[in-house]
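Shown next: run32.pdb, given as PDB, C-alpha atoms.
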ATOM      1  CA  THR A   1      -2.031 -64.675 133.578
ATOM      2  CA  ALA A   2       1.457 -65.876 132.730
ATOM      3  CA  HIS A   3       1.571 -63.346 129.916
ATOM      4  CA  SER A   4       0.662 -60.417 132.174
ATOM      5  CA  ILE A   5       3.455 -61.391 134.578
ATOM      6  CA  LEU A   6       6.188 -62.314 132.112
ATOM      7  CA  ALA A   7       5.556 -59.929 129.229
ATOM      8  CA  PRO A   8       8.110 -57.076 129.218
ATOM      9  CA  TYR A   9       7.220 -53.626 130.444
ATOM     10  CA  PHE A  10       8.819 -51.837 127.494
ATOM     11  CA  ASP A  11      12.114 -53.748 127.669
ATOM     12  CA  THR A  12      12.003 -54.702 131.370
ATOM     13  CA  PHE A  13      11.155 -57.879 133.263
ATOM     14  CA  ALA A  14       8.759 -56.505 135.890
ATOM     15  CA  GLY A  15       6.913 -59.643 136.965
ATOM     16  CA  LEU A  16       7.191 -59.149 140.741
ATOM     17  CA  PRO A  17       5.708 -55.616 140.786
ATOM     18  CA  VAL A  18       2.867 -56.870 138.589
ATOM     19  CA  VAL A  19       2.073 -59.631 141.091
ATOM     20  CA  VAL A  20       2.202 -57.178 144.018
ATOM     21  CA  TYR A  21      -0.018 -54.638 142.250
ATOM     22  CA  GLU A  22      -2.544 -57.327 141.324
ATOM     23  CA  ALA A  23      -2.639 -58.634 144.902
ATOM     24  CA  LEU A  24      -3.116 -55.153 146.371
ATOM     25  CA  PHE A  25      -5.797 -54.346 143.817
ATOM     26  CA  ALA A  26      -7.639 -57.613 144.533
ATOM     27  CA  VAL A  27      -7.700 -56.929 148.277
ATOM     28  CA  PHE A  28      -8.064 -53.138 148.479
ATOM     29  CA  GLY A  29      -9.173 -52.048 145.017
ATOM     30  CA  LEU A  30      -8.742 -48.344 144.415
ATOM     31  CA  ARG A  31     -10.570 -47.233 147.560
ATOM     32  CA  THR A  32      -7.398 -46.219 149.369
ATOM     33  CA  TYR A  33      -3.870 -45.293 148.411
ATOM     34  CA  LEU A  34      -2.323 -46.253 151.747
ATOM     35  CA  PRO A  35      -1.660 -50.011 151.227
ATOM     36  CA  TYR A  36       0.206 -49.273 148.008
ATOM     37  CA  LEU A  37       2.169 -46.530 149.740
ATOM     38  CA  LEU A  38       2.951 -48.813 152.696
ATOM     39  CA  VAL A  39       4.582 -51.430 150.455
ATOM     40  CA  ASP A  40       6.668 -48.696 148.836
ATOM     41  CA  TRP A  41       7.809 -47.201 152.143
ATOM     42  CA  VAL A  42       8.665 -50.596 153.663
ATOM     43  CA  ALA A  43      10.866 -51.362 150.670
ATOM     44  CA  HIS A  44      12.434 -47.901 150.854
ATOM     45  CA  PHE A  45      13.378 -48.190 154.531
ATOM     46  CA  ALA A  46      14.573 -51.769 153.991
ATOM     47  CA  ALA A  47      16.992 -50.469 151.344
ATOM     48  CA  ALA A  48      18.269 -47.801 153.742
ATOM     49  CA  TYR A  49      18.773 -50.357 156.528
ATOM     50  CA  LEU A  50      20.600 -52.780 154.231
ATOM     51  CA  LEU A  51      22.959 -50.058 153.026
ATOM     52  CA  TYR A  52      23.612 -49.126 156.658
ATOM     53  CA  ARG A  53      24.545 -52.748 157.433
ATOM     54  CA  ILE A  54      26.885 -53.011 154.453
ATOM     55  CA  VAL A  55      28.716 -49.738 155.145
ATOM     56  CA  ASN A  56      28.740 -50.213 158.923
ATOM     57  CA  ARG A  57      30.446 -53.574 158.489
ATOM     58  CA  ARG A  58      33.277 -51.912 156.565
ATOM     59  CA  SER A  59      33.563 -48.385 157.930
ATOM     60  CA  GLY A  60      31.801 -48.229 161.280
ATOM     61  CA  ALA A  61      28.469 -47.023 162.588
ATOM     62  CA  VAL A  62      28.923 -43.307 161.834
ATOM     63  CA  LEU A  63      29.536 -43.724 158.118
ATOM     64  CA  GLY A  64      26.921 -46.470 158.069
ATOM     65  CA  LEU A  65      24.326 -44.054 159.441
ATOM     66  CA  VAL A  66      25.387 -41.395 156.941
ATOM     67  CA  ALA A  67      24.902 -43.868 154.090
ATOM     68  CA  GLY A  68      21.548 -45.093 155.396
ATOM     69  CA  ILE A  69      20.231 -41.591 156.021
ATOM     70  CA  SER A  70      21.327 -40.516 152.534
ATOM     71  CA  VAL A  71      19.001 -43.165 151.142
ATOM     72  CA  VAL A  72      16.139 -42.381 153.535
ATOM     73  CA  PHE A  73      15.986 -38.798 152.280
ATOM     74  CA  LEU A  74      17.766 -39.447 148.946
ATOM     75  CA  GLY A  75      18.804 -35.863 148.540
ATOM     76  CA  SER A  76      16.496 -34.186 146.077
ATOM     77  CA  GLY A  77      15.118 -37.446 144.668
ATOM     78  CA  VAL A  78      12.932 -38.556 147.560
ATOM     79  CA  GLU A  79       9.732 -37.286 145.957
ATOM     80  CA  VAL A  80      10.315 -39.681 143.054
ATOM     81  CA  LEU A  81      10.920 -42.846 145.049
ATOM     82  CA  LEU A  82       8.223 -42.451 147.665
ATOM     83  CA  GLN A  83       5.333 -43.261 145.363
ATOM     84  CA  PRO A  84       4.088 -46.794 144.660
ATOM     85  CA  PHE A  85       4.979 -46.737 140.961
ATOM     86  CA  GLN A  86       8.628 -46.871 142.014
ATOM     87  CA  ILE A  87       8.433 -50.241 143.772
ATOM     88  CA  GLN A  88       9.955 -51.816 140.675
ATOM     89  CA  TYR A  89      13.225 -50.021 141.439
ATOM     90  CA  LEU A  90      12.982 -50.461 145.193
ATOM     91  CA  PHE A  91      12.373 -54.223 144.954
ATOM     92  CA  ALA A  92      15.448 -54.526 142.726
ATOM     93  CA  ILE A  93      17.512 -52.429 145.150
ATOM     94  CA  VAL A  94      16.382 -54.446 148.181
ATOM     95  CA  GLY A  95      17.135 -57.713 146.392
ATOM     96  CA  GLY A  96      20.566 -56.523 145.262
ATOM     97  CA  LEU A  97      21.570 -55.107 148.647
ATOM     98  CA  THR A  98      20.294 -58.232 150.407
ATOM     99  CA  ALA A  99      22.514 -60.309 148.136
ATOM    100  CA  ILE A 100      25.565 -58.167 148.979
ATOM    101  CA  ASP A 101      24.743 -58.255 152.695
ATOM    102  CA  GLN A 102      24.301 -62.023 152.728
ATOM    103  CA  LEU A 103      27.509 -62.587 150.771
ATOM    104  CA  ASP A 104      29.266 -60.564 153.452
ATOM    105  CA  GLU A 105      27.703 -62.895 156.010
ATOM    106  CA  GLY A 106      28.862 -65.981 154.126
ATOM    107  CA  ARG A 107      25.423 -67.053 152.895
ATOM    108  CA  PRO A 108      25.721 -67.342 149.099
ATOM    109  CA  VAL A 109      22.546 -69.428 148.787
ATOM    110  CA  VAL A 110      20.437 -66.681 150.393
ATOM    111  CA  ALA A 111      22.197 -64.143 148.171
ATOM    112  CA  ALA A 112      21.359 -66.174 145.071
ATOM    113  CA  ILE A 113      17.695 -66.337 146.087
ATOM    114  CA  ALA A 114      17.584 -62.574 146.753
ATOM    115  CA  LEU A 115      18.831 -61.782 143.249
ATOM    116  CA  LEU A 116      15.904 -63.606 141.623
ATOM    117  CA  PRO A 117      13.213 -61.082 142.694
ATOM    118  CA  ALA A 118      15.698 -58.323 141.885
ATOM    119  CA  ILE A 119      15.951 -59.286 138.214
ATOM    120  CA  ALA A 120      12.176 -59.863 138.104
ATOM    121  CA  SER A 121      11.469 -56.296 139.250
ATOM    122  CA  SER A 122      13.542 -53.915 137.165
ATOM    123  CA  GLY A 123      16.487 -53.664 134.824
ATOM    124  CA  LEU A 124      18.323 -52.357 137.878
ATOM    125  CA  GLY A 125      18.341 -55.924 139.172
ATOM    126  CA  VAL A 126      20.487 -56.924 136.200
ATOM    127  CA  ILE A 127      22.918 -54.133 137.133
ATOM    128  CA  TYR A 128      23.203 -55.647 140.617
ATOM    129  CA  VAL A 129      23.935 -59.065 139.131
ATOM    130  CA  GLY A 130      26.732 -57.498 137.081
ATOM    131  CA  LEU A 131      28.014 -55.684 140.169
ATOM    132  CA  ILE A 132      28.230 -58.953 142.101
ATOM    133  CA  ILE A 133      29.986 -60.714 139.218
ATOM    134  CA  VAL A 134      32.615 -57.948 139.056
ATOM    135  CA  TRP A 135      32.924 -58.061 142.847
ATOM    136  CA  GLY A 136      33.459 -61.813 142.767
ATOM    137  CA  ILE A 137      36.121 -61.519 140.057
ATOM    138  CA  LEU A 138      37.997 -58.780 141.914
ATOM    139  CA  ARG A 139      37.978 -60.640 145.199
ATOM    140  CA  ARG A 140      38.582 -64.006 143.482
ATOM    141  CA  HIS A 141      35.707 -65.508 145.397
ATOM    142  CA  ARG A 142      33.991 -68.450 143.728
ATOM    143  CA  ALA A 143      30.925 -68.428 145.991
ATOM    144  CA  THR A 144      30.190 -64.810 145.026
ATOM    145  CA  LEU A 145      30.309 -65.682 141.332
ATOM    146  CA  LEU A 146      28.141 -68.752 141.825
ATOM    147  CA  ALA A 147      25.565 -66.701 143.741
ATOM    148  CA  ALA A 148      24.992 -64.569 140.637
ATOM    149  CA  MET A 149      24.511 -67.505 138.274
ATOM    150  CA  PRO A 150      20.856 -68.478 139.019
ATOM    151  CA  ALA A 151      19.640 -64.909 138.418
ATOM    152  CA  LEU A 152      21.802 -64.614 135.311
ATOM    153  CA  VAL A 153      20.397 -67.862 133.880
ATOM    154  CA  ALA A 154      16.815 -66.923 134.819
ATOM    155  CA  TYR A 155      17.103 -63.510 133.182
ATOM    156  CA  ALA A 156      18.666 -64.996 130.043
ATOM    157  CA  ALA A 157      15.827 -67.526 129.829
ATOM    158  CA  TRP A 158      13.273 -64.720 130.135
ATOM    159  CA  TYR A 159      15.096 -62.482 127.667
ATOM    160  CA  PHE A 160      15.187 -65.096 124.908
ATOM    161  CA  THR A 161      11.516 -66.036 125.388
ATOM    162  CA  TRP A 162       9.098 -63.421 126.715
ATOM    163  CA  GLY A 163      11.645 -60.626 126.568
ATOM    164  CA  ARG A 164      11.701 -60.689 122.782
ATOM    165  CA  GLU A 165       8.245 -59.130 122.774
ATOM    166  CA  SER A 166       9.880 -55.806 123.580
ATOM    167  CA  GLY A 167      11.118 -55.734 119.986
ATOM    168  CA  HIS A 168      14.065 -53.727 118.742
ATOM    169  CA  LEU A 169      15.050 -50.822 120.963
ATOM    170  CA  THR A 170      16.010 -47.869 118.798
ATOM    171  CA  GLY A 171      17.436 -45.804 121.656
ATOM    172  CA  PRO A 172      17.445 -42.009 121.921
ATOM    173  CA  GLY A 173      19.550 -41.525 118.791
ATOM    174  CA  LEU A 174      22.386 -39.599 120.422
ATOM    175  CA  SER A 175      25.630 -38.853 118.619
ATOM    176  CA  PRO A 176      28.846 -40.400 120.046
ATOM    177  CA  PHE A 177      29.727 -37.088 121.726
ATOM    178  CA  GLU A 178      26.220 -36.732 123.173
ATOM    179  CA  THR A 179      26.336 -40.316 124.434
ATOM    180  CA  VAL A 180      29.610 -39.723 126.274
ATOM    181  CA  TYR A 181      28.295 -36.453 127.712
ATOM    182  CA  SER A 182      25.065 -38.181 128.782
ATOM    183  CA  VAL A 183      26.995 -40.902 130.617
ATOM    184  CA  PHE A 184      29.130 -38.450 132.581
ATOM    185  CA  PHE A 185      26.172 -36.138 133.176
ATOM    186  CA  GLY A 186      24.203 -39.086 134.588
ATOM    187  CA  MET A 187      27.005 -40.130 136.910
ATOM    188  CA  GLY A 188      27.412 -36.553 138.109
ATOM    189  CA  GLY A 189      23.662 -36.292 138.594
ATOM    190  CA  ALA A 190      23.695 -39.426 140.758
ATOM    191  CA  VAL A 191      26.384 -37.950 143.021
ATOM    192  CA  SER A 192      24.791 -34.510 143.262
ATOM    193  CA  GLY A 193      21.364 -36.005 143.963
ATOM    194  CA  VAL A 194      22.637 -38.076 146.882
ATOM    195  CA  ILE A 195      24.192 -35.033 148.563
ATOM    196  CA  GLY A 196      20.968 -33.058 148.142
ATOM    197  CA  LEU A 197      21.628 -30.905 145.064
ATOM    198  CA  PRO A 198      19.134 -30.924 142.157
ATOM    199  CA  PRO A 199      20.784 -33.182 139.538
ATOM    200  CA  ALA A 200      19.587 -31.227 136.503
ATOM    201  CA  ARG A 201      21.367 -28.096 137.754
ATOM    202  CA  PHE A 202      24.337 -29.531 139.618
ATOM    203  CA  ALA A 203      25.269 -32.698 137.694
ATOM    204  CA  LEU A 204      28.600 -31.180 136.660
ATOM    205  CA  VAL A 205      29.329 -30.319 140.298
ATOM    206  CA  GLY A 206      28.614 -33.926 141.221
ATOM    207  CA  LEU A 207      30.836 -35.116 138.394
ATOM    208  CA  GLY A 208      33.646 -32.890 139.692
ATOM    209  CA  LEU A 209      33.259 -34.399 143.167
ATOM    210  CA  ALA A 210      33.256 -37.909 141.742
ATOM    211  CA  ILE A 211      36.429 -37.223 139.739
ATOM    212  CA  ALA A 212      38.119 -35.752 142.826
ATOM    213  CA  VAL A 213      37.287 -38.878 144.830
ATOM    214  CA  LEU A 214      38.551 -41.158 142.067
ATOM    215  CA  VAL A 215      41.796 -39.186 141.809
ATOM    216  CA  ALA A 216      42.243 -39.465 145.582
ATOM    217  CA  VAL A 217      41.673 -43.236 145.414
ATOM    218  CA  VAL A 218      44.258 -43.561 142.619
ATOM    219  CA  VAL A 219      46.797 -41.521 144.578
ATOM    220  CA  LEU A 220      46.218 -43.606 147.692
ATOM    221  CA  ALA A 221      46.439 -46.810 145.650
ATOM    222  CA  ARG A 222      49.853 -45.759 144.374
ATOM    223  CA  ARG A 223      50.889 -45.398 148.006
ATOM    224  CA  GLY A 224      49.814 -48.901 148.894
ATOM    225  CA  TYR A 225      46.141 -48.424 149.792
ATOM    226  CA  ARG A 226      43.821 -51.026 148.317
ATOM    227  CA  PRO A 227      40.162 -50.015 148.086
ATOM    228  CA  ASP A 228      37.472 -52.553 148.894
ATOM    229  CA  PRO A 229      36.652 -54.538 145.723
ATOM    230  CA  LEU A 230      32.982 -53.775 146.369
ATOM    231  CA  VAL A 231      33.710 -50.057 145.876
ATOM    232  CA  ILE A 232      35.262 -50.685 142.476
ATOM    233  CA  ALA A 233      32.390 -52.995 141.502
ATOM    234  CA  ALA A 234      29.824 -50.379 142.570
ATOM    235  CA  ILE A 235      31.532 -47.649 140.521
ATOM    236  CA  ALA A 236      31.619 -50.006 137.530
ATOM    237  CA  ALA A 237      27.916 -50.754 138.003
ATOM    238  CA  LEU A 238      27.048 -47.044 138.100
ATOM    239  CA  GLY A 239      29.007 -46.539 134.885
ATOM    240  CA  ALA A 240      27.289 -49.515 133.233
ATOM    241  CA  GLU A 241      23.868 -48.220 134.258
ATOM    242  CA  GLN A 242      24.539 -44.823 132.707
ATOM    243  CA  ILE A 243      25.972 -46.337 129.521
ATOM    244  CA  LEU A 244      22.916 -48.562 129.072
ATOM    245  CA  ARG A 245      20.610 -45.634 129.778
ATOM    246  CA  ALA A 246      22.358 -43.454 127.197
ATOM    247  CA  ALA A 247      22.298 -46.258 124.605
ATOM    248  CA  PHE A 248      18.740 -47.538 125.048
ATOM    249  CA  ARG A 249      16.651 -44.916 126.844
TER     250      ARG A 249
END
What would you get if you wrote out this structure as structure tokens?
Amino acid sequence: TAHSILAPYFDTFAGLPVVVYEALFAVFGLRTYLPYLLVDWVAHFAAAYLLYRIVNRRSGAVLGLVAGISVVFLGSGVEVLLQPFQIQYLFAIVGGLTAIDQLDEGRPVVAAIALLPAIASSGLGVIYVGLIIVWGILRRHRATLLAAMPALVAYAAWYFTWGRESGHLTGPGLSPFETVYSVFFGMGGAVSGVIGLPPARFALVGLGLAIAVLVAVVVLARRGYRPDPLVIAAIAALGAEQILRAAFR
């Protein structure tokens, strides 16, 4: 029904995963796990390939392969993503990366279409929309900004109609200090997880690496180096994701 597709999952618009689950259940029932797993794995490898394309275009095939392989195995987080429940995140990632890839190729219309399933899969899709808006502002590229508008309008329309069913989100009730610590811990955990270290134990190590990279970028910028606007937008998106998580989850 329309309600089952559009009603929020907690606070999230997850209509596309609902449709996929219903279709798989109608065809295969619960007799076998494999069709559900196949959809998940296809999305997972699509995300890895898209990241390879994006990085390869900027930094060459070697770094592109490193980036793609880091997603294929996802450090210590692979056991979480490679189960069908996680398709909500993977669909959002594939939609967001497709949008970035197609903007690189000069196809803003395709990018705009790709962002629609992204925002209809997970809150992560909204993060990608924000990333692309920041990217468009930094590069002063009108087509990039326009590509984000249909998804932004669609999500706003959902949020002020069906999305209100989620009610008031009380959040985890952290103190200001705990919130700040949670944000930095989450960003460090993301870095440590990608390089293969368990985030719960090595988040501070990952945070140290992230700070070292940022310091290096600042030093290089003072010497005339200008980082790709997409890098800055991606860092901003990671920060926004962790801030929202600390505030609402």
| task | Taking the file above as input, evaluate the PyMOL selection byres ((chain A and resi 88-100) around 6) and report the hits as a PyMOL selection string. | result | chain A and resi 17+43+47+86-87+101-103+111+114-115+118+121-122+125+128
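Atom CA of Ile211 of chain A lies 13.4 Å from atom CA of Gly186 of chain A.
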| request: Would you mind reading off the distance between atom CA of Leu82 of chain A and atom CA of Tyr33 of chain A, one decimal, in Å? | output: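 About the pair atom CA of Leu82 of chain A and atom CA of Tyr33 of chain A: they are 12.4 Å apart.
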| atom CA of Arg140 of chain A to atom CA of Asp228 of chain A, straight-line distance in Å |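 Those two atoms sit 12.7 Å apart.
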| Polymer residues at most 9 Å from Ala67 of chain A, only C-alpha atoms, same-chain spacing of 4 or more positions, as a list of chain:residue names | A:Ala48, A:Leu51, A:Tyr52, A:Val55, A:Asn56, A:Val62, A:Leu63, A:Val71, A:Val72
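Nearest residue to Arg107 of chain A, choosing from A:Phe13, A:Val134, A:Thr1, A:Ala143 and counting all atoms listed in the file: A:Ala143.
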| said: Calculated over only C-alpha atoms, which of the candidates A:Ala61, A:Leu152, A:Ala157, A:Ala212 has the smallest distance to Gly130 of chain A? | reply: A:Leu152
| message | Set the distance at 7 Å and use only C-alpha atoms: which residues neighbour segment 204-206 of chain A once local chain neighbours fewer than 2 positions away are removed? I'd like the list as a ChimeraX atom specification. | response | /A:185,188-189,191-192,202,208-210
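Compared by their closest atoms to Asp40 of chain A, and using all atoms listed in the file, the residues A:Tyr159, A:Phe248, A:Phe177, A:Tyr21 rank with A:Tyr21 nearest.
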| said: When you look at Glu178 of chain A with a cut-off of 12 Å (counting all atoms listed in the file), what residues show up, excluding the ones that are within fewer than 5 positions of it in the same chain? I need them as a ChimeraX atom specification. | reply: /A:172-173,183-186,243,246-247
Adding 3 Å on each side of the box along x, y and z that holds all listed atoms of segment 241-244 of chain A, could you give its centre and edge lengths in Å to one decimal, as AutoDock Vina command-line options?
--center_x 24.4 --center_y -46.7 --center_z 131.7 --size_x 9.1 --size_y 9.7 --size_z 11.2
| request: Kindly resolve the PyMOL selection byres ((chain A and resi 227) around 12) on the present coordinates and return the residues as a list in words. | output: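 Applying the expression gives Arg58, Ser59, Leu138, Arg139, Val213, Leu214, Ala216, Val217, Val218, Val219, Leu220, Ala221, Arg222, Arg223, Gly224, Tyr225, Arg226, Asp228, Pro229, Leu230, Val231, Ile232, Ala233, Ala234 and Ile235 of chain A.
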